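S.K.: Provided below: run11.cif, containing mmCIF, C-alpha atoms and all ligand atoms.
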```
data_start
#
loop_
_atom_site.label_atom_id
_atom_site.label_comp_id
_atom_site.auth_asym_id
_atom_site.auth_seq_id
_atom_site.Cartn_x
_atom_site.Cartn_y
_atom_site.Cartn_z
CA SER A 85 -9.49 100.91 -63.29
CA SER A 86 -13.23 101.10 -63.87
CA THR A 87 -12.81 100.89 -67.66
CA ALA A 88 -11.12 97.46 -67.52
CA GLU A 89 -13.16 94.33 -68.33
CA PRO A 90 -14.16 92.83 -64.97
CA LEU A 91 -12.34 89.66 -63.93
CA LEU A 92 -15.37 88.57 -61.90
CA ASP A 93 -18.90 89.51 -62.91
CA ILE A 94 -21.80 88.34 -60.75
CA ARG A 95 -25.19 89.11 -62.27
CA SER A 96 -28.40 88.94 -60.23
CA VAL A 97 -27.39 85.79 -58.38
CA THR A 98 -29.93 84.21 -56.05
CA LYS A 99 -29.22 81.11 -53.96
CA ASP A 100 -31.99 79.27 -52.13
CA PHE A 101 -31.60 76.47 -49.60
CA ARG A 102 -35.03 74.87 -49.37
CA GLY A 103 -37.05 77.68 -47.76
CA LEU A 104 -34.13 79.99 -47.10
CA ARG A 105 -32.87 82.66 -49.51
CA ALA A 106 -29.14 82.95 -48.69
CA LEU A 107 -28.37 85.25 -51.64
CA ASP A 108 -30.98 87.60 -53.03
CA ASP A 109 -30.34 89.15 -56.45
CA VAL A 110 -26.65 89.87 -55.82
CA SER A 111 -24.73 91.71 -58.54
CA LEU A 112 -21.13 92.79 -58.27
CA THR A 113 -18.06 93.14 -60.44
CA VAL A 114 -14.40 92.94 -59.46
CA ALA A 115 -11.78 94.52 -61.69
CA PRO A 116 -8.42 92.85 -62.33
CA GLY A 117 -5.85 93.97 -59.76
CA GLU A 118 -8.38 94.86 -57.09
CA ILE A 119 -8.34 93.88 -53.43
CA ARG A 120 -12.09 93.73 -52.71
CA GLY A 121 -13.53 93.41 -49.24
CA ILE A 122 -16.81 91.59 -48.56
CA VAL A 123 -18.26 92.46 -45.17
CA GLY A 124 -21.60 91.96 -43.43
CA PRO A 125 -23.20 90.55 -40.30
CA ASN A 126 -23.16 86.81 -39.58
CA GLY A 127 -25.52 84.89 -41.85
CA SER A 128 -25.61 87.64 -44.50
CA GLY A 129 -24.49 85.29 -47.30
CA LYS A 130 -20.75 85.99 -47.58
CA THR A 131 -19.54 82.39 -47.51
CA THR A 132 -22.43 81.31 -49.74
CA LEU A 133 -21.26 83.90 -52.27
CA PHE A 134 -17.72 82.41 -52.20
CA ASN A 135 -19.19 78.93 -52.62
CA VAL A 136 -21.18 80.08 -55.67
CA ILE A 137 -18.14 81.80 -57.23
CA SER A 138 -15.87 78.78 -56.68
CA GLY A 139 -18.42 76.21 -57.88
CA PHE A 140 -19.11 74.50 -54.55
CA TYR A 141 -22.74 75.68 -54.78
CA ARG A 142 -24.74 76.32 -57.93
CA ALA A 143 -26.74 79.55 -58.09
CA THR A 144 -30.51 79.05 -58.11
CA SER A 145 -30.74 81.85 -60.66
CA GLY A 146 -28.51 84.52 -62.16
CA GLN A 147 -25.12 84.30 -63.82
CA VAL A 148 -21.48 84.12 -62.76
CA ARG A 149 -18.80 85.14 -65.24
CA PHE A 150 -15.06 84.77 -64.69
CA ALA A 151 -12.39 86.09 -67.06
CA GLY A 152 -14.95 86.57 -69.83
CA ARG A 153 -16.54 83.09 -69.59
CA THR A 154 -19.83 82.03 -68.11
CA THR A 155 -18.97 79.80 -65.14
CA THR A 156 -22.41 79.63 -63.48
CA THR A 157 -22.52 75.82 -63.62
CA ALA A 158 -18.77 75.08 -63.55
CA ARG A 159 -17.48 72.65 -60.91
CA PRO A 160 -14.75 73.58 -58.37
CA TYR A 161 -12.09 71.62 -60.26
CA THR A 162 -12.84 73.43 -63.52
CA LEU A 163 -12.80 76.80 -61.77
CA SER A 164 -9.45 76.00 -60.20
CA LEU A 165 -8.07 75.18 -63.66
CA LEU A 166 -9.49 78.48 -64.95
CA GLY A 167 -7.66 80.32 -62.15
CA VAL A 168 -9.93 80.63 -59.12
CA ALA A 169 -8.35 79.62 -55.79
CA ARG A 170 -9.76 79.91 -52.30
CA THR A 171 -9.10 79.39 -48.64
CA PHE A 172 -11.68 78.27 -46.08
CA GLN A 173 -12.81 79.78 -42.79
CA ASN A 174 -11.65 76.62 -41.03
CA LEU A 175 -8.15 75.55 -41.93
CA ARG A 176 -7.98 72.53 -44.22
CA LEU A 177 -4.37 71.39 -44.00
CA PHE A 178 -3.13 67.81 -44.02
CA GLY A 179 -2.07 67.21 -40.42
CA GLN A 180 -0.08 64.07 -41.19
CA LEU A 181 2.11 65.86 -43.76
CA THR A 182 4.89 68.40 -43.24
CA VAL A 183 4.46 72.00 -44.36
CA ARG A 184 6.59 71.26 -47.45
CA GLU A 185 4.49 68.19 -48.30
CA ASN A 186 1.29 70.23 -47.92
CA ILE A 187 2.65 72.62 -50.57
CA LEU A 188 3.87 69.77 -52.81
CA VAL A 189 0.43 68.13 -52.76
CA ALA A 190 -1.13 71.40 -53.91
CA LEU A 191 1.45 71.71 -56.71
CA ASP A 192 1.00 68.11 -57.79
CA ARG A 193 -2.75 68.32 -58.41
CA THR A 194 -2.46 68.48 -62.19
CA ARG A 195 -0.91 65.17 -63.16
CA THR A 196 0.67 65.33 -66.59
CA HIS A 197 2.14 61.82 -66.77
CA THR A 198 0.55 58.37 -66.74
CA ILE A 199 1.02 55.99 -63.86
CA TRP A 200 3.29 53.88 -66.15
CA GLN A 201 5.60 56.79 -66.80
CA TYR A 202 5.83 57.28 -63.04
CA ALA A 203 6.49 53.56 -62.52
CA LEU A 204 9.30 53.62 -65.09
CA TRP A 205 10.62 56.93 -63.63
CA GLN A 206 11.24 58.38 -67.07
CA PRO A 207 13.39 61.50 -67.57
CA GLY A 208 10.30 63.68 -68.09
CA VAL A 209 8.92 62.56 -64.74
CA VAL A 210 12.23 63.22 -62.99
CA ARG A 211 12.41 66.73 -64.45
CA ARG A 212 8.85 67.43 -63.37
CA GLU A 213 9.58 66.24 -59.82
CA ARG A 214 12.59 68.58 -59.68
CA ARG A 215 10.50 71.46 -60.99
CA LEU A 216 7.77 70.84 -58.38
CA ARG A 217 10.36 70.73 -55.57
CA ARG A 218 11.85 74.00 -56.81
CA ARG A 219 8.39 75.64 -56.97
CA ALA A 220 7.59 74.38 -53.46
CA GLN A 221 10.81 75.92 -52.14
CA GLU A 222 9.96 79.23 -53.87
CA LEU A 223 6.50 79.27 -52.26
CA LEU A 224 7.95 78.40 -48.82
CA GLU A 225 10.38 81.31 -49.09
CA ARG A 226 7.86 83.75 -50.51
CA PHE A 227 5.42 83.18 -47.66
CA GLY A 228 8.03 83.09 -44.89
CA LEU A 229 7.61 79.35 -44.31
CA ALA A 230 11.09 78.02 -45.13
CA ASP A 231 12.08 77.71 -41.46
CA PHE A 232 9.03 75.53 -40.78
CA ALA A 233 9.20 73.38 -43.93
CA GLU A 234 9.74 70.06 -42.17
CA SER A 235 7.31 70.75 -39.28
CA ALA A 236 3.78 69.43 -38.87
CA PRO A 237 1.30 72.29 -39.47
CA GLY A 238 -0.61 71.54 -36.26
CA SER A 239 2.49 72.25 -34.16
CA LEU A 240 2.82 75.80 -35.54
CA PRO A 241 1.22 79.10 -34.43
CA TYR A 242 -2.16 79.85 -35.99
CA GLY A 243 -0.79 82.77 -38.01
CA ILE A 244 1.73 80.46 -39.71
CA GLN A 245 -0.97 77.89 -40.44
CA ARG A 246 -3.00 80.59 -42.18
CA ARG A 247 0.07 81.42 -44.27
CA ILE A 248 0.46 77.75 -45.27
CA GLU A 249 -3.14 77.75 -46.47
CA ILE A 250 -2.56 80.87 -48.56
CA ALA A 251 0.66 79.40 -49.99
CA ARG A 252 -1.27 76.25 -50.96
CA ALA A 253 -3.93 78.32 -52.71
CA MET A 254 -1.22 80.30 -54.54
CA ALA A 255 0.46 77.09 -55.76
CA ALA A 256 -1.90 77.05 -58.74
CA ARG A 257 -0.85 80.62 -59.71
CA PRO A 258 -4.50 81.75 -59.61
CA ARG A 259 -5.86 84.88 -61.28
CA LEU A 260 -8.40 85.27 -58.47
CA LEU A 261 -7.81 84.41 -54.81
CA LEU A 262 -10.81 84.19 -52.46
CA LEU A 263 -9.85 84.51 -48.77
CA ASP A 264 -12.52 83.58 -46.21
CA GLU A 265 -11.79 85.46 -42.96
CA PRO A 266 -8.00 85.26 -43.24
CA ALA A 267 -7.45 87.33 -40.06
CA ALA A 268 -9.72 85.21 -37.82
CA GLY A 269 -7.77 84.12 -34.74
CA LEU A 270 -4.65 86.16 -35.60
CA ASN A 271 -2.93 88.52 -33.18
CA GLY A 272 -2.12 92.13 -34.10
CA GLU A 273 1.37 91.38 -35.35
CA GLU A 274 0.11 88.47 -37.47
CA VAL A 275 -2.62 90.68 -38.97
CA GLY A 276 0.09 93.15 -40.01
CA GLN A 277 2.07 90.37 -41.70
CA LEU A 278 -1.11 89.15 -43.41
CA ALA A 279 -1.73 92.62 -44.86
CA GLY A 280 1.77 92.61 -46.37
CA ILE A 281 1.21 89.15 -47.86
CA VAL A 282 -2.13 90.10 -49.42
CA ARG A 283 -0.60 93.24 -50.96
CA SER A 284 2.31 91.26 -52.40
CA ILE A 285 -0.13 88.73 -53.89
CA ARG A 286 -2.05 91.53 -55.60
CA ASP A 287 1.17 93.21 -56.76
CA SER A 288 2.24 89.92 -58.35
CA GLY A 289 -0.90 89.99 -60.51
CA THR A 290 -3.52 88.00 -58.57
CA THR A 291 -6.83 89.74 -57.86
CA VAL A 292 -8.01 89.25 -54.27
CA VAL A 293 -11.50 89.13 -52.74
CA LEU A 294 -11.62 88.75 -48.97
CA ILE A 295 -14.39 88.19 -46.48
CA GLU A 296 -13.27 89.88 -43.29
CA HIS A 297 -14.67 91.02 -39.96
CA ASN A 298 -11.51 92.90 -38.95
CA MET A 299 -12.49 96.38 -40.19
CA GLY A 300 -9.00 97.75 -39.50
CA LEU A 301 -7.60 95.27 -42.01
CA VAL A 302 -10.38 95.99 -44.53
CA MET A 303 -9.70 99.73 -44.20
CA SER A 304 -5.98 99.33 -44.79
CA LEU A 305 -6.20 96.81 -47.66
CA CYS A 306 -9.31 97.38 -49.74
CA GLU A 307 -10.00 100.11 -52.26
CA ARG A 308 -13.61 98.97 -52.45
CA VAL A 309 -15.88 97.13 -50.08
CA THR A 310 -19.20 95.36 -50.76
CA VAL A 311 -21.58 95.06 -47.81
CA LEU A 312 -24.05 92.17 -47.63
CA SER A 313 -27.02 91.97 -45.29
CA GLY A 314 -29.85 89.43 -45.41
CA GLY A 315 -28.40 87.99 -48.62
CA GLY A 316 -28.45 91.29 -50.54
CA VAL A 317 -25.91 94.00 -51.35
CA ILE A 318 -26.79 96.99 -49.17
CA ALA A 319 -23.75 99.19 -49.90
CA GLU A 320 -20.63 99.36 -52.00
CA GLY A 321 -17.84 101.91 -52.06
CA THR A 322 -14.60 102.89 -50.38
CA PRO A 323 -14.21 101.64 -46.80
CA ALA A 324 -14.82 105.18 -45.51
CA GLU A 325 -18.00 105.50 -47.59
CA VAL A 326 -19.55 102.20 -46.52
CA VAL A 327 -18.92 102.57 -42.78
CA ALA A 328 -20.71 105.92 -42.90
CA ALA A 329 -23.71 104.59 -44.88
CA PRO A 330 -26.93 104.57 -42.77
CA GLU A 331 -27.99 101.16 -44.20
CA VAL A 332 -24.72 99.66 -43.01
CA ILE A 333 -24.90 101.16 -39.54
CA GLU A 334 -28.46 99.86 -39.21
CA ALA A 335 -27.51 96.35 -40.42
CA TYR A 336 -24.75 96.09 -37.82
CA LEU A 337 -26.86 97.49 -34.99
CA GLY A 338 -29.40 94.75 -35.68
CA ASP A 339 -26.73 92.02 -35.65
P1 LIG A 401 -22.04 84.45 -43.72
O1 LIG A 401 -20.86 83.83 -44.39
O2 LIG A 401 -22.28 85.89 -44.12
O3 LIG A 401 -22.01 84.31 -42.21
P2 LIG A 401 -23.48 82.27 -44.92
O4 LIG A 401 -23.29 82.43 -46.37
O5 LIG A 401 -22.64 81.26 -44.22
O6 LIG A 401 -23.37 83.69 -44.19
O7 LIG A 401 -25.00 81.90 -44.63
C1 LIG A 401 -26.09 82.64 -45.18
C2 LIG A 401 -27.37 81.90 -44.86
O8 LIG A 401 -27.44 80.69 -45.62
C3 LIG A 401 -27.47 81.47 -43.41
O9 LIG A 401 -28.81 81.60 -42.98
C4 LIG A 401 -27.05 80.02 -43.43
O10 LIG A 401 -27.64 79.29 -42.38
C5 LIG A 401 -27.58 79.57 -44.79
N1 LIG A 401 -26.78 78.46 -45.38
C6 LIG A 401 -25.50 78.52 -45.78
N2 LIG A 401 -25.10 77.35 -46.30
C7 LIG A 401 -26.17 76.52 -46.21
C8 LIG A 401 -26.43 75.16 -46.58
N3 LIG A 401 -25.47 74.41 -47.15
N4 LIG A 401 -27.67 74.66 -46.35
C9 LIG A 401 -28.64 75.41 -45.78
N5 LIG A 401 -28.47 76.69 -45.41
C10 LIG A 401 -27.26 77.24 -45.61
#
```
The structure given in the file should be rewritten as structure tokens.
Ligand code: ADP
M.R.:
Amino acid sequence: SSTAEPLLDIRSVTKDFRGLRALDDVSLTVAPGEIRGIVGPNGSGKTTLFNVISGFYRATSGQVRFAGRTTTTARPYTLSLLGVARTFQNLRLFGQLTVRENILVALDRTRTHTIWQYALWQPGVVRRERRLRRRAQELLERFGLADFAESAPGSLPYGIQRRIEIARAMAARPRLLLLDEPAAGLNGEEVGQLAGIVRSIRDSGTTVVLIEHNMGLVMSLCERVTVLSGGGVIAEGTPAEVVAAPEVIEAYLGD
């Protein structure tokens, strides 16, 4: 609800690349439990905004706050420990590993034992291995991937590969999940499955922000949508409100 403390609070963020202003005084807040859509023409700054939130780029000016902390200068690794996870526009799966191994790698990122404990294969290490394998199996089942667990990701349909990427991002049990064009390249049936997955992620307590060109999906998933154009926020509201806004219509006609 609007009275809740925002999970994500972006205050007057500007991002310059040499002569180019990719983000221009962007402010937006996302409440816990929201599914927020970010839309806008190509080059409007959507991916740059994700990169600033997740620490891949540092804002030139302004402030980013996540879960009540200032994270403006935090690195990606720190943000992932704080609970920010993301997917990328282009899939980034390990092609040499099976689907199960791709999930295990994501689960194994926070090493809690020394290399010597591993070498000696102590009881604590064995228990942790078992726990990771159990968590991997849970994630495979939750995202409908159990049947493909021992396959190479590259051999699977694109819609399944997208699901593997989301499962990997969810391995860290994030509080905020950033999805960069999750429906790109999916067929109608796969888009329907994706909508169900995103809703179940939100219902399990993870706030979702998605960049998406598929307006049908945005309409069906998002309570609120933020529209970027030329690096600035030109509209924000319900999907029905923003598609009717003259600024938005004009921005898309000029695309
Ligand atoms: P969108 O995701 O909405 O298509 P982007 O955030 O990718 O837009 O890009 C916004 C603008 O910033 C574009 O003009 C793009 O060329 C520029 N840009 C993005 N990343 C970089 C970078 N690393 N270096 C220079 N320019 C960049």
S.K.: Produce as a compact mmCIF listing (two decimals) with C-alpha atoms, keeping the file's coordinate frame the set of residues near ligand LIG 401 (chain A), where near means within 6 Å with all atoms listed in the file considered.
M.R.:
```
# COMPACT_ATOMS: atom_id res chain seq x y z
CA PHE A 101 -31.60 76.47 -49.60
CA ALA A 106 -29.14 82.95 -48.69
CA ASN A 126 -23.16 86.81 -39.58
CA GLY A 127 -25.52 84.89 -41.85
CA SER A 128 -25.61 87.64 -44.50
CA GLY A 129 -24.49 85.29 -47.30
CA LYS A 130 -20.75 85.99 -47.58
CA THR A 131 -19.54 82.39 -47.51
CA THR A 132 -22.43 81.31 -49.74
```
S.K.: What's around Lys99 of chain A at 7 Å? Count all atoms listed in the file, leave out sequence neighbours fewer than 2 positions away in its own chain, and write the answer as number ranges by chain.
M.R.: A: 97, 101, 105-108, 143-145
S.K.: Please identify all polymer residues within 10 Å of Asp192 of chain A, counting all atoms listed in the file, omitting same-chain residues fewer than 4 positions from it, and present them as a PyMOL selection string.
M.R.: chain A and resi 187-188+196+212-213+216-217+255-256
S.K.: My list of candidates is A:Ser235, A:Thr291, A:Gln173, A:Gln245. Which is closest to Glu265 of chain A when distances are computed with only C-alpha atoms?
M.R.: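 Ranked by minimum distance to Glu265 of chain A, first place goes to A:Gln173.
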S.K.: Can you tell me, as number ranges by chain, what residues are no more than 12 Å from Val327 of chain A when counting all atoms listed in the file, ignoring any on the same chain fewer than 6 positions away?
M.R.: A: 123-124, 299-300, 302-303, 308-311, 318-321, 333-336
S.K.: Next, the residues of the selection above should be written as an mmCIF file, keeping the file's coordinate frame with C-alpha atoms.
M.R.:
```cif
data_model
loop_
_atom_site.group_PDB
_atom_site.id
_atom_site.type_symbol
_atom_site.label_atom_id
_atom_site.label_comp_id
_atom_site.auth_asym_id
_atom_site.auth_seq_id
_atom_site.Cartn_x
_atom_site.Cartn_y
_atom_site.Cartn_z
ATOM 1 C CA VAL A 123 -18.260 92.460 -45.170
ATOM 2 C CA GLY A 124 -21.600 91.960 -43.430
ATOM 3 C CA MET A 299 -12.490 96.380 -40.190
ATOM 4 C CA GLY A 300 -9.000 97.750 -39.500
ATOM 5 C CA VAL A 302 -10.380 95.990 -44.530
ATOM 6 C CA MET A 303 -9.700 99.730 -44.200
ATOM 7 C CA ARG A 308 -13.610 98.970 -52.450
ATOM 8 C CA VAL A 309 -15.880 97.130 -50.080
ATOM 9 C CA THR A 310 -19.200 95.360 -50.760
ATOM 10 C CA VAL A 311 -21.580 95.060 -47.810
ATOM 11 C CA ILE A 318 -26.790 96.990 -49.170
ATOM 12 C CA ALA A 319 -23.750 99.190 -49.900
ATOM 13 C CA GLU A 320 -20.630 99.360 -52.000
ATOM 14 C CA GLY A 321 -17.840 101.910 -52.060
ATOM 15 C CA ILE A 333 -24.900 101.160 -39.540
ATOM 16 C CA GLU A 334 -28.460 99.860 -39.210
ATOM 17 C CA ALA A 335 -27.510 96.350 -40.420
ATOM 18 C CA TYR A 336 -24.750 96.090 -37.820
#
```
